[in-house]
file coords-v1.pdb (PDB, C-alpha atoms and all ligand atoms)
MODEL        1
ATOM      1  CA  MET A   1      41.883-104.986  77.316
ATOM      2  CA  VAL A   2      45.493-105.195  78.530
ATOM      3  CA  ILE A   3      46.770-108.663  79.472
ATOM      4  CA  ALA A   4      50.065-109.331  81.266
ATOM      5  CA  ALA A   5      51.837-112.178  79.442
ATOM      6  CA  GLY A   6      55.072-113.062  81.203
ATOM      7  CA  ASN A   7      57.094-109.857  81.142
ATOM      8  CA  TRP A   8      55.130-108.515  78.199
ATOM      9  CA  LEU A   9      51.979-106.460  78.090
ATOM     10  CA  THR A  10      49.886-107.357  75.065
ATOM     11  CA  LEU A  11      46.732-105.753  73.739
ATOM     12  CA  THR A  12      43.929-108.185  72.997
ATOM     13  CA  PRO A  13      42.911-107.616  69.389
ATOM     14  CA  LEU A  14      39.545-105.913  69.021
ATOM     15  CA  PRO A  15      37.232-107.152  66.278
ATOM     16  CA  GLY A  16      37.386-105.761  62.756
ATOM     17  CA  MET A  17      34.587-103.522  61.489
ATOM     18  CA  ASP A  18      32.752-104.682  58.374
ATOM     19  CA  ASP A  19      31.502-102.134  55.848
ATOM     20  CA  SER A  20      27.892-102.133  57.069
ATOM     21  CA  GLU A  21      29.017-101.541  60.665
ATOM     22  CA  PHE A  22      31.266 -98.740  59.351
ATOM     23  CA  GLU A  23      28.263 -97.243  57.538
ATOM     24  CA  ARG A  24      26.325 -97.140  60.827
ATOM     25  CA  TRP A  25      29.126 -95.302  62.638
ATOM     26  CA  ALA A  26      29.778 -92.902  59.757
ATOM     27  CA  THR A  27      26.040 -92.091  59.609
ATOM     28  CA  LEU A  28      25.954 -91.454  63.362
ATOM     29  CA  LEU A  29      28.854 -89.020  63.077
ATOM     30  CA  GLU A  30      27.323 -87.207  60.121
ATOM     31  CA  ARG A  31      23.912 -86.986  61.785
ATOM     32  CA  ARG A  32      25.404 -85.537  64.963
ATOM     33  CA  THR A  33      28.103 -83.246  63.531
ATOM     34  CA  GLY A  34      27.762 -82.965  59.758
ATOM     35  CA  VAL A  35      31.229 -84.506  59.334
ATOM     36  CA  VAL A  36      31.356 -87.039  56.505
ATOM     37  CA  VAL A  37      33.829 -89.926  56.712
ATOM     38  CA  PRO A  38      34.054 -91.649  53.318
ATOM     39  CA  LEU A  39      34.864 -95.342  53.066
ATOM     40  CA  SER A  40      38.403 -94.348  51.996
ATOM     41  CA  ARG A  41      38.931 -93.020  55.549
ATOM     42  CA  LYS A  42      37.500 -96.082  57.264
ATOM     43  CA  THR A  43      40.846 -96.792  58.974
ATOM     44  CA  PHE A  44      40.732 -93.394  60.686
ATOM     45  CA  LEU A  45      37.223 -93.990  62.031
ATOM     46  CA  VAL A  46      37.906 -97.550  63.126
ATOM     47  CA  THR A  47      41.192 -96.614  64.838
ATOM     48  CA  SER A  48      39.520 -93.749  66.674
ATOM     49  CA  VAL A  49      36.536 -95.795  67.879
ATOM     50  CA  ARG A  50      38.760 -98.726  68.836
ATOM     51  CA  GLY A  51      41.133 -96.441  70.744
ATOM     52  CA  ARG A  52      38.267 -95.200  72.883
ATOM     53  CA  MET A  53      36.907 -98.734  73.343
ATOM     54  CA  ARG A  54      40.326 -99.863  74.610
ATOM     55  CA  GLU A  55      40.502 -96.957  77.047
ATOM     56  CA  THR A  56      37.116 -97.793  78.470
ATOM     57  CA  GLY A  57      37.422-101.590  78.425
ATOM     58  CA  ARG A  58      34.796-102.170  75.732
ATOM     59  CA  SER A  59      35.109-104.938  73.173
ATOM     60  CA  SER A  60      32.020-104.864  70.946
ATOM     61  CA  PHE A  61      31.311-102.155  68.355
ATOM     62  CA  ALA A  62      27.615-103.014  68.409
ATOM     63  CA  GLU A  63      27.296-102.740  72.203
ATOM     64  CA  TYR A  64      29.268 -99.487  72.240
ATOM     65  CA  PHE A  65      27.019 -98.143  69.486
ATOM     66  CA  SER A  66      23.879 -98.943  71.510
ATOM     67  CA  GLU A  67      25.352 -97.399  74.645
ATOM     68  CA  LEU A  68      25.932 -94.166  72.758
ATOM     69  CA  GLN A  69      22.183 -93.887  72.141
ATOM     70  CA  LYS A  70      21.383 -93.873  75.879
ATOM     71  CA  ILE A  71      20.534 -90.675  77.696
ATOM     72  CA  PRO A  72      22.386 -89.308  79.614
ATOM     73  CA  GLU A  73      25.327 -91.816  79.738
ATOM     74  CA  GLY A  74      25.637 -92.088  75.950
ATOM     75  CA  ALA A  75      25.526 -88.335  75.512
ATOM     76  CA  ILE A  76      28.318 -87.922  78.070
ATOM     77  CA  GLU A  77      30.466 -90.548  76.367
ATOM     78  CA  TRP A  78      29.779 -88.918  72.994
ATOM     79  CA  THR A  79      31.432 -85.669  74.140
ATOM     80  CA  THR A  80      34.710 -87.617  74.429
ATOM     81  CA  LEU A  81      34.286 -89.774  71.351
ATOM     82  CA  VAL A  82      33.438 -86.871  69.046
ATOM     83  CA  ASP A  83      36.815 -85.338  69.837
ATOM     84  CA  ARG A  84      38.499 -88.527  68.588
ATOM     85  CA  LEU A  85      36.394 -88.671  65.430
ATOM     86  CA  THR A  86      37.179 -85.135  64.259
ATOM     87  CA  VAL A  87      40.414 -83.677  62.894
ATOM     88  CA  HIS A  88      41.886 -80.867  64.993
ATOM     89  CA  GLU A  89      44.993 -79.901  63.097
ATOM     90  CA  THR A  90      45.486 -76.143  63.310
ATOM     91  CA  HIS A  91      48.208 -73.491  63.390
ATOM     92  CA  PHE A  92      48.709 -69.850  64.242
ATOM     93  CA  PHE A  93      48.636 -67.710  61.066
ATOM     94  CA  ARG A  94      47.706 -70.847  59.133
ATOM     95  CA  HIS A  95      46.842 -69.056  55.893
ATOM     96  CA  PRO A  96      48.765 -65.751  55.912
ATOM     97  CA  PRO A  97      47.024 -64.195  52.854
ATOM     98  CA  SER A  98      43.689 -64.372  54.704
ATOM     99  CA  PHE A  99      45.050 -62.390  57.638
ATOM    100  CA  ASP A 100      46.715 -59.894  55.267
ATOM    101  CA  LEU A 101      43.358 -59.341  53.603
ATOM    102  CA  ILE A 102      41.743 -58.626  56.972
ATOM    103  CA  ALA A 103      44.543 -56.329  58.152
ATOM    104  CA  LYS A 104      45.325 -54.405  54.998
ATOM    105  CA  ASP A 105      42.164 -54.355  52.893
ATOM    106  CA  TRP A 106      39.165 -54.830  55.124
ATOM    107  CA  LEU A 107      40.039 -53.297  58.502
ATOM    108  CA  PRO A 108      40.979 -49.847  57.176
ATOM    109  CA  ARG A 109      37.442 -49.668  55.742
ATOM    110  CA  VAL A 110      35.591 -50.597  58.906
ATOM    111  CA  THR A 111      37.549 -49.228  61.836
ATOM    112  CA  SER A 112      35.403 -46.123  62.125
ATOM    113  CA  GLN A 113      32.982 -48.449  63.940
ATOM    114  CA  THR A 114      33.025 -48.474  67.717
ATOM    115  CA  GLY A 115      33.666 -52.196  68.075
ATOM    116  CA  LEU A 116      34.133 -55.342  66.037
ATOM    117  CA  HIS A 117      32.854 -58.842  66.684
ATOM    118  CA  ALA A 118      34.509 -61.805  64.943
ATOM    119  CA  TRP A 119      33.600 -65.500  64.982
ATOM    120  CA  SER A 120      36.195 -68.235  64.607
ATOM    121  CA  VAL A 121      34.086 -71.179  63.423
ATOM    122  CA  GLY A 122      35.539 -74.604  64.256
ATOM    123  CA  CYS A 123      38.371 -73.007  66.204
ATOM    124  CA  SER A 124      39.925 -76.284  67.398
ATOM    125  CA  SER A 125      42.506 -75.483  70.121
ATOM    126  CA  GLY A 126      42.330 -71.726  69.636
ATOM    127  CA  GLU A 127      45.268 -70.835  67.377
ATOM    128  CA  GLU A 128      42.990 -69.363  64.702
ATOM    129  CA  ALA A 129      40.987 -67.307  67.213
ATOM    130  CA  TYR A 130      44.135 -65.895  68.839
ATOM    131  CA  THR A 131      45.593 -65.107  65.413
ATOM    132  CA  LEU A 132      42.448 -63.123  64.616
ATOM    133  CA  ALA A 133      42.700 -61.337  67.975
ATOM    134  CA  MET A 134      46.360 -60.457  67.379
ATOM    135  CA  VAL A 135      45.650 -59.119  63.901
ATOM    136  CA  LEU A 136      42.605 -57.128  65.032
ATOM    137  CA  ASP A 137      44.338 -55.691  68.082
ATOM    138  CA  ARG A 138      47.491 -54.638  66.263
ATOM    139  CA  HIS A 139      45.863 -53.249  63.142
ATOM    140  CA  ILE A 140      42.858 -51.494  64.642
ATOM    141  CA  ALA A 141      45.249 -49.571  66.892
ATOM    142  CA  ALA A 142      47.598 -48.878  63.959
ATOM    143  CA  THR A 143      44.754 -47.701  61.691
ATOM    144  CA  THR A 144      42.850 -45.511  64.127
ATOM    145  CA  GLY A 145      45.550 -44.725  66.679
ATOM    146  CA  ALA A 146      42.867 -45.519  69.231
ATOM    147  CA  LYS A 147      42.224 -48.314  71.682
ATOM    148  CA  ALA A 148      40.885 -51.349  69.892
ATOM    149  CA  TYR A 149      37.422 -52.540  70.878
ATOM    150  CA  PHE A 150      36.754 -56.009  69.578
ATOM    151  CA  GLY A 151      35.882 -59.513  70.665
ATOM    152  CA  VAL A 152      36.365 -62.925  69.115
ATOM    153  CA  THR A 153      33.890 -65.736  69.741
ATOM    154  CA  ALA A 154      35.614 -69.061  69.200
ATOM    155  CA  THR A 155      33.452 -72.180  68.897
ATOM    156  CA  ASP A 156      34.019 -75.850  68.321
ATOM    157  CA  VAL A 157      32.245 -79.129  69.000
ATOM    158  CA  SER A 158      35.262 -80.573  70.843
ATOM    159  CA  LEU A 159      35.480 -79.861  74.577
ATOM    160  CA  PRO A 160      39.148 -80.966  74.948
ATOM    161  CA  ALA A 161      40.180 -78.664  72.076
ATOM    162  CA  LEU A 162      38.264 -75.759  73.649
ATOM    163  CA  ALA A 163      39.960 -76.375  77.008
ATOM    164  CA  VAL A 164      43.374 -75.934  75.357
ATOM    165  CA  GLY A 165      42.190 -72.735  73.704
ATOM    166  CA  ARG A 166      40.806 -71.345  76.936
ATOM    167  CA  ALA A 167      44.095 -71.968  78.745
ATOM    168  CA  GLY A 168      46.016 -70.252  75.936
ATOM    169  CA  LEU A 169      49.057 -72.380  76.761
ATOM    170  CA  TYR A 170      51.004 -73.873  73.836
ATOM    171  CA  PRO A 171      54.169 -75.920  73.300
ATOM    172  CA  ARG A 172      57.304 -73.886  72.656
ATOM    173  CA  GLN A 173      57.728 -75.038  69.025
ATOM    174  CA  LYS A 174      54.392 -73.438  68.104
ATOM    175  CA  ILE A 175      55.758 -69.964  68.719
ATOM    176  CA  GLU A 176      57.637 -70.291  65.419
ATOM    177  CA  GLU A 177      54.267 -70.043  63.639
ATOM    178  CA  ILE A 178      53.766 -66.520  64.990
ATOM    179  CA  PRO A 179      55.584 -63.668  63.205
ATOM    180  CA  PRO A 180      58.128 -61.954  65.529
ATOM    181  CA  GLN A 181      56.257 -58.624  65.670
ATOM    182  CA  TYR A 182      53.220 -60.434  67.150
ATOM    183  CA  ARG A 183      55.231 -62.802  69.311
ATOM    184  CA  GLU A 184      56.847 -59.991  71.258
ATOM    185  CA  ARG A 185      53.581 -58.313  71.974
ATOM    186  CA  TYR A 186      51.178 -61.156  72.646
ATOM    187  CA  CYS A 187      53.185 -64.184  73.850
ATOM    188  CA  GLU A 188      54.714 -64.729  77.256
ATOM    189  CA  PRO A 189      57.256 -67.430  78.083
ATOM    190  CA  VAL A 190      56.077 -69.824  80.802
ATOM    191  CA  ASP A 191      58.994 -72.239  80.976
ATOM    192  CA  GLY A 192      61.398 -73.892  78.536
ATOM    193  CA  ASP A 193      58.594 -76.010  77.080
ATOM    194  CA  SER A 194      55.683 -73.652  76.654
ATOM    195  CA  PHE A 195      54.408 -70.116  76.172
ATOM    196  CA  ARG A 196      51.116 -68.454  76.979
ATOM    197  CA  ILE A 197      49.006 -65.936  75.116
ATOM    198  CA  SER A 198      49.009 -62.659  77.039
ATOM    199  CA  GLU A 199      46.167 -62.150  79.472
ATOM    200  CA  ALA A 200      45.011 -58.980  77.723
ATOM    201  CA  LEU A 201      44.551 -60.901  74.468
ATOM    202  CA  ARG A 202      43.005 -63.944  76.152
ATOM    203  CA  LYS A 203      40.335 -61.663  77.592
ATOM    204  CA  ARG A 204      39.285 -60.752  74.052
ATOM    205  CA  VAL A 205      38.530 -64.338  73.060
ATOM    206  CA  GLY A 206      35.534 -66.243  74.413
ATOM    207  CA  PHE A 207      35.458 -70.001  73.843
ATOM    208  CA  ALA A 208      32.190 -71.925  73.722
ATOM    209  CA  GLN A 209      31.037 -75.342  72.648
ATOM    210  CA  PHE A 210      28.754 -75.011  69.677
ATOM    211  CA  ASN A 211      27.691 -77.555  67.087
ATOM    212  CA  LEU A 212      27.616 -76.085  63.606
ATOM    213  CA  LEU A 213      24.507 -78.117  62.841
ATOM    214  CA  ASP A 214      22.741 -75.626  65.116
ATOM    215  CA  ALA A 215      24.123 -72.630  63.190
ATOM    216  CA  ALA A 216      20.672 -71.408  62.174
ATOM    217  CA  ARG A 217      19.924 -70.971  65.897
ATOM    218  CA  ALA A 218      23.320 -69.405  66.740
ATOM    219  CA  PRO A 219      23.060 -66.849  69.546
ATOM    220  CA  LEU A 220      25.136 -64.473  67.410
ATOM    221  CA  LYS A 221      24.024 -61.726  65.098
ATOM    222  CA  ARG A 222      25.287 -58.714  63.149
ATOM    223  CA  LEU A 223      28.809 -60.078  63.071
ATOM    224  CA  ASP A 224      31.611 -58.097  61.470
ATOM    225  CA  LEU A 225      33.789 -61.050  60.573
ATOM    226  CA  ILE A 226      33.178 -64.782  60.192
ATOM    227  CA  PHE A 227      36.295 -66.871  59.738
ATOM    228  CA  CYS A 228      35.722 -70.495  58.755
ATOM    229  CA  GLN A 229      38.654 -72.460  57.390
ATOM    230  CA  ASN A 230      39.282 -76.206  57.169
ATOM    231  CA  VAL A 231      35.872 -77.071  58.595
ATOM    232  CA  LEU A 232      33.386 -77.145  55.718
ATOM    233  CA  ILE A 233      35.682 -79.475  53.756
ATOM    234  CA  TYR A 234      34.492 -82.253  56.080
ATOM    235  CA  PHE A 235      30.812 -81.565  55.344
ATOM    236  CA  ALA A 236      28.581 -82.695  52.489
ATOM    237  CA  ARG A 237      28.151 -80.204  49.660
ATOM    238  CA  ASP A 238      24.480 -79.363  50.445
ATOM    239  CA  ARG A 239      25.257 -78.853  54.116
ATOM    240  CA  ARG A 240      28.115 -76.483  53.203
ATOM    241  CA  ARG A 241      25.760 -74.356  51.153
ATOM    242  CA  GLU A 242      23.139 -74.244  53.909
ATOM    243  CA  LEU A 243      25.806 -73.143  56.384
ATOM    244  CA  LEU A 244      27.113 -70.466  54.064
ATOM    245  CA  ALA A 245      23.604 -69.062  53.657
ATOM    246  CA  THR A 246      23.314 -68.966  57.458
ATOM    247  CA  PHE A 247      26.674 -67.196  57.740
ATOM    248  CA  ALA A 248      25.492 -64.615  55.196
ATOM    249  CA  ASN A 249      22.478 -63.856  57.416
ATOM    250  CA  LEU A 250      24.616 -63.518  60.533
ATOM    251  CA  LEU A 251      26.886 -60.875  58.993
ATOM    252  CA  LYS A 252      26.130 -57.186  59.197
ATOM    253  CA  PRO A 253      26.312 -55.119  55.993
ATOM    254  CA  GLY A 254      29.983 -54.682  55.073
ATOM    255  CA  GLY A 255      30.844 -57.769  57.155
ATOM    256  CA  LEU A 256      33.449 -60.188  55.854
ATOM    257  CA  LEU A 257      33.239 -63.968  55.475
ATOM    258  CA  VAL A 258      36.619 -65.674  55.064
ATOM    259  CA  LEU A 259      36.710 -69.328  54.000
ATOM    260  CA  GLY A 260      39.511 -71.756  53.253
ATOM    261  CA  SER A 261      40.384 -71.981  49.593
ATOM    262  CA  GLY A 262      38.607 -75.018  48.184
ATOM    263  CA  GLU A 263      36.066 -75.016  51.011
ATOM    264  CA  VAL A 264      33.327 -74.381  48.469
ATOM    265  CA  THR A 265      33.237 -74.088  44.693
ATOM    266  CA  LYS A 266      30.902 -72.023  42.551
ATOM    267  CA  PHE A 267      29.159 -70.533  45.562
ATOM    268  CA  ALA A 268      26.999 -67.451  45.125
ATOM    269  CA  HIS A 269      24.524 -65.796  47.487
ATOM    270  CA  ALA A 270      22.265 -62.806  46.857
ATOM    271  CA  SER A 271      23.517 -60.939  49.959
ATOM    272  CA  LEU A 272      27.214 -61.549  49.338
ATOM    273  CA  HIS A 273      29.773 -60.569  46.763
ATOM    274  CA  ARG A 274      33.146 -62.179  46.227
ATOM    275  CA  VAL A 275      36.214 -60.236  47.332
ATOM    276  CA  ASP A 276      38.555 -59.675  44.433
ATOM    277  CA  ASN A 277      41.627 -61.495  45.717
ATOM    278  CA  ARG A 278      42.982 -64.581  44.013
ATOM    279  CA  ASN A 279      44.741 -65.914  47.124
ATOM    280  CA  VAL A 280      41.780 -65.753  49.500
ATOM    281  CA  LEU A 281      38.238 -67.077  49.272
ATOM    282  CA  ALA A 282      36.253 -64.293  50.922
ATOM    283  CA  PHE A 283      32.877 -62.586  50.568
ATOM    284  CA  LEU A 284      31.518 -59.230  51.708
ATOM    285  CA  ARG A 285      27.952 -58.773  52.860
ATOM    286  CA  ASN A 286      26.257 -56.258  50.610
ATOM    287  CA  SER A 287      25.353 -52.908  52.197
TER     288      SER A 287
HETATM  289  C1  LIG A 301      40.810 -79.114  61.071
HETATM  290  S1  LIG A 301      40.140 -78.223  62.396
HETATM  291  C2  LIG A 301      40.265 -76.576  61.760
HETATM  292  C3  LIG A 301      40.762 -75.609  62.794
HETATM  293  C4  LIG A 301      40.916 -74.182  62.309
HETATM  294  N1  LIG A 301      39.684 -73.641  61.794
HETATM  295  C5  LIG A 301      42.000 -74.082  61.276
HETATM  296  O1  LIG A 301      41.712 -73.881  60.091
HETATM  297  O2  LIG A 301      43.162 -74.208  61.622
HETATM  298  C6  LIG A 301      38.395 -78.570  62.224
HETATM  299  C7  LIG A 301      37.615 -78.296  63.492
HETATM  300  O3  LIG A 301      36.220 -78.329  63.190
HETATM  301  C8  LIG A 301      35.559 -78.851  64.304
HETATM  302  N2  LIG A 301      34.225 -79.340  63.946
HETATM  303  C9  LIG A 301      33.908 -80.393  63.174
HETATM  304  N3  LIG A 301      32.564 -80.541  63.105
HETATM  305  C10 LIG A 301      32.034 -79.556  63.853
HETATM  306  C11 LIG A 301      30.705 -79.174  64.172
HETATM  307  N4  LIG A 301      29.638 -79.847  63.720
HETATM  308  N5  LIG A 301      30.522 -78.101  64.959
HETATM  309  C12 LIG A 301      31.574 -77.404  65.425
HETATM  310  N6  LIG A 301      32.859 -77.713  65.166
HETATM  311  C13 LIG A 301      33.095 -78.781  64.373
HETATM  312  C14 LIG A 301      36.468 -79.952  64.804
HETATM  313  O4  LIG A 301      36.218 -80.303  66.150
HETATM  314  C15 LIG A 301      37.856 -79.337  64.564
HETATM  315  O5  LIG A 301      38.372 -78.744  65.722
ENDMDL
END
call {"tool": "encode", "arguments": {"input": "coords-v1.pdb", "output": "structure tokens"}}
result
Amino acid sequence: MVIAAGNWLTLTPLPGMDDSEFERWATLLERRTGVVVPLSRKTFLVTSVRGRMRETGRSSFAEYFSELQKIPEGAIEWTTLVDRLTVHETHFFRHPPSFDLIAKDWLPRVTSQTGLHAWSVGCSSGEEAYTLAMVLDRHIAATTGAKAYFGVTATDVSLPALAVGRAGLYPRQKIEEIPPQYRERYCEPVDGDSFRISEALRKRVGFAQFNLLDAARAPLKRLDLIFCQNVLIYFARDRRRELLATFANLLKPGGLLVLGSGEVTKFAHASLHRVDNRNVLAFLRNS
């Protein structure tokens, strides 16, 4: 709550969160998204919940918690809160060796196909999905000399992040993340402060809200490429393995699964074999 005190605006302090209250909130987040917040990151959770409570004029963690259980009001409020409780950091071409692997090693082997379907899992504000689209567009055309037929499905649990992705409009500084040869072809200046992804490329990327906890029921199948970086690191080890098994089933033979390095250790699956590349953690679906 904001109180005017003389010429000063002061924020009334909200209560602290004891460890058992923290446990309740962390469990709620894990149950609804799979994201684990350890006690060492309590400050992040508390700051995020408090920030939303301030915005909405709430002052009790317990009352806010109960409100979140109500249907439909709680479910509506959750769609905003979940955005605050998850980390959205992302970049174009975030892990260059992964995109090199796709462009130089994998694509030349699969471009005889008529079309390719990729999934950017936990796409945040879209940079990863557009990077995939740029790489696929440029290299399919370069490899086959033909028009590239492909689509990228980009999913995330956060509606605000998806809205940014859908608009394809980014601050000017972000263009530095995109190598010049891609910039010229796929980015259009809007004004001094921002640029937009070209319409032709935006049409290739479909954004949708999707909770990874529902992955086993994903309306996707026979995918050529699943790209999942910096998402599973927030999940418990068993959940990661379950998700990876689901990803394996969603790939078509010869399909590629690209993970972030360190996303999973000692993972093996009967339908997958590890790609021999020490800079990228990737698996191919057996034929
Ligand atoms: C750190 S970002 C990673 C973005 C991108 N993959 C990258 O590597 O740059 C993690 C994303 O995972 C999303 N996320 C977390 N839990 C999720 C869930 N259960 N279902 C779908 N997306 C989730 C978050 O909303 C966030 O946008």
call {"tool": "residues_around", "arguments": {"input": "coords-v1.pdb", "residues": "A:Val205", "least_positions_apart": "2", "cutoff": "12 Å", "atoms": "all atoms listed in the file", "output": "VMD selection string"}}
result
chain A and resid 117 to 120 123 126 to 134 136 to 137 150 to 155 162 165 to 168 197 to 203 207 to 208
call {"tool": "residues_near_ligand", "arguments": {"input": "coords-v1.pdb", "ligand": "ligand LIG 301 (chain A)", "cutoff": "8 Å", "atoms": "only C-alpha atoms and all ligand atoms", "output": "number ranges by chain"}}
result
A: 32-35, 82-83, 86-92, 94, 120-128, 155-158, 161, 209-213, 227-231, 234, 260
call {"tool": "residues_near_point", "arguments": {"input": "coords-v1.pdb", "point": "(27.0, -67.1, 57.5)", "cutoff": "10 Å", "atoms": "only C-alpha atoms", "output": "list of chain:residue names"}}
result
A:Ala215, A:Ala216, A:Lys221, A:Leu223, A:Leu225, A:Ile226, A:Phe227, A:Cys228, A:Arg241, A:Glu242, A:Leu243, A:Leu244, A:Ala245, A:Thr246, A:Phe247, A:Ala248, A:Asn249, A:Leu250, A:Leu251, A:Leu256, A:Leu257, A:Leu272, A:Arg285
call {"tool": "closest_residue", "arguments": {"input": "coords-v1.pdb", "among": "A:Gly255, A:Leu28, A:Pro180, A:Arg172", "to": "A:Ser194", "atoms": "only C-alpha atoms"}}
result
A:Arg172
call {"tool": "atom_distance", "arguments": {"input": "coords-v1.pdb", "atom1": "atom CA of A:Thr143", "atom2": "atom CA of A:Pro96"}}
result
19.4 Å
call {"tool": "residues_near_point", "arguments": {"input": "coords-v1.pdb", "point": "(36.7, -98.5, 61.2)", "cutoff": "6 Å", "atoms": "all atoms listed in the file", "output": "list in words"}}
result
Met17, Phe22, Lys42, Thr43, Leu45 and Val46 of chain A
call {"tool": "build_atoms", "arguments": {"input": "coords-v1.pdb", "residues": "stretch 268-275 of chain A", "atoms": "all heavy atoms", "output": "CSV table (one decimal), in the coordinates of the input"}}
result
chain,number,residue,atom,x,y,z
A,268,ALA,N,27.5,-68.8,45.3
A,268,ALA,CA,27.0,-67.5,45.1
A,268,ALA,C,25.8,-67.3,46.0
A,268,ALA,O,25.1,-68.2,46.3
A,268,ALA,CB,26.6,-67.2,43.7
A,269,HIS,N,25.7,-66.1,46.6
A,269,HIS,CA,24.5,-65.8,47.5
A,269,HIS,C,24.1,-64.4,47.2
A,269,HIS,O,24.9,-63.5,47.1
A,269,HIS,CB,25.0,-66.0,48.9
A,269,HIS,CG,23.8,-65.9,49.9
A,269,HIS,ND1,23.3,-64.7,50.4
A,269,HIS,CD2,23.1,-66.9,50.5
A,269,HIS,CE1,22.3,-64.9,51.2
A,269,HIS,NE2,22.2,-66.2,51.3
A,270,ALA,N,22.8,-64.1,47.2
A,270,ALA,CA,22.3,-62.8,46.9
A,270,ALA,C,22.8,-61.7,47.8
A,270,ALA,O,22.9,-60.5,47.3
A,270,ALA,CB,20.7,-62.8,46.9
A,271,SER,N,23.1,-62.0,49.0
A,271,SER,CA,23.5,-60.9,50.0
A,271,SER,C,25.0,-60.8,50.0
A,271,SER,O,25.5,-60.0,50.8
A,271,SER,CB,23.1,-61.2,51.4
A,271,SER,OG,21.8,-61.7,51.4
A,272,LEU,N,25.7,-61.6,49.2
A,272,LEU,CA,27.2,-61.5,49.3
A,272,LEU,C,27.8,-61.3,48.0
A,272,LEU,O,27.3,-61.7,47.0
A,272,LEU,CB,27.7,-62.9,49.8
A,272,LEU,CG,27.3,-63.4,51.2
A,272,LEU,CD1,27.8,-64.9,51.4
A,272,LEU,CD2,27.8,-62.5,52.3
A,273,HIS,N,29.0,-60.6,48.0
A,273,HIS,CA,29.8,-60.6,46.8
A,273,HIS,C,31.2,-61.0,47.1
A,273,HIS,O,31.7,-60.7,48.1
A,273,HIS,CB,29.7,-59.2,46.1
A,273,HIS,CG,30.2,-58.1,46.9
A,273,HIS,ND1,29.5,-57.4,47.8
A,273,HIS,CD2,31.4,-57.5,46.9
A,273,HIS,CE1,30.2,-56.5,48.4
A,273,HIS,NE2,31.4,-56.5,47.8
A,274,ARG,N,31.8,-61.6,46.1
A,274,ARG,CA,33.1,-62.2,46.2
A,274,ARG,C,34.2,-61.1,46.3
A,274,ARG,O,34.1,-60.1,45.6
A,274,ARG,CB,33.4,-63.1,45.0
A,274,ARG,CG,34.8,-63.7,44.9
A,274,ARG,CD,34.9,-65.0,45.7
A,274,ARG,NE,36.3,-65.3,45.9
A,274,ARG,CZ,37.0,-66.1,45.1
A,274,ARG,NH1,36.5,-66.7,44.1
A,274,ARG,NH2,38.3,-66.3,45.4
A,275,VAL,N,35.1,-61.2,47.2
A,275,VAL,CA,36.2,-60.2,47.3
A,275,VAL,C,37.2,-60.6,46.2
A,275,VAL,O,37.6,-61.7,46.0
A,275,VAL,CB,36.9,-60.3,48.7
A,275,VAL,CG1,38.1,-59.5,48.8
A,275,VAL,CG2,35.9,-60.0,49.8
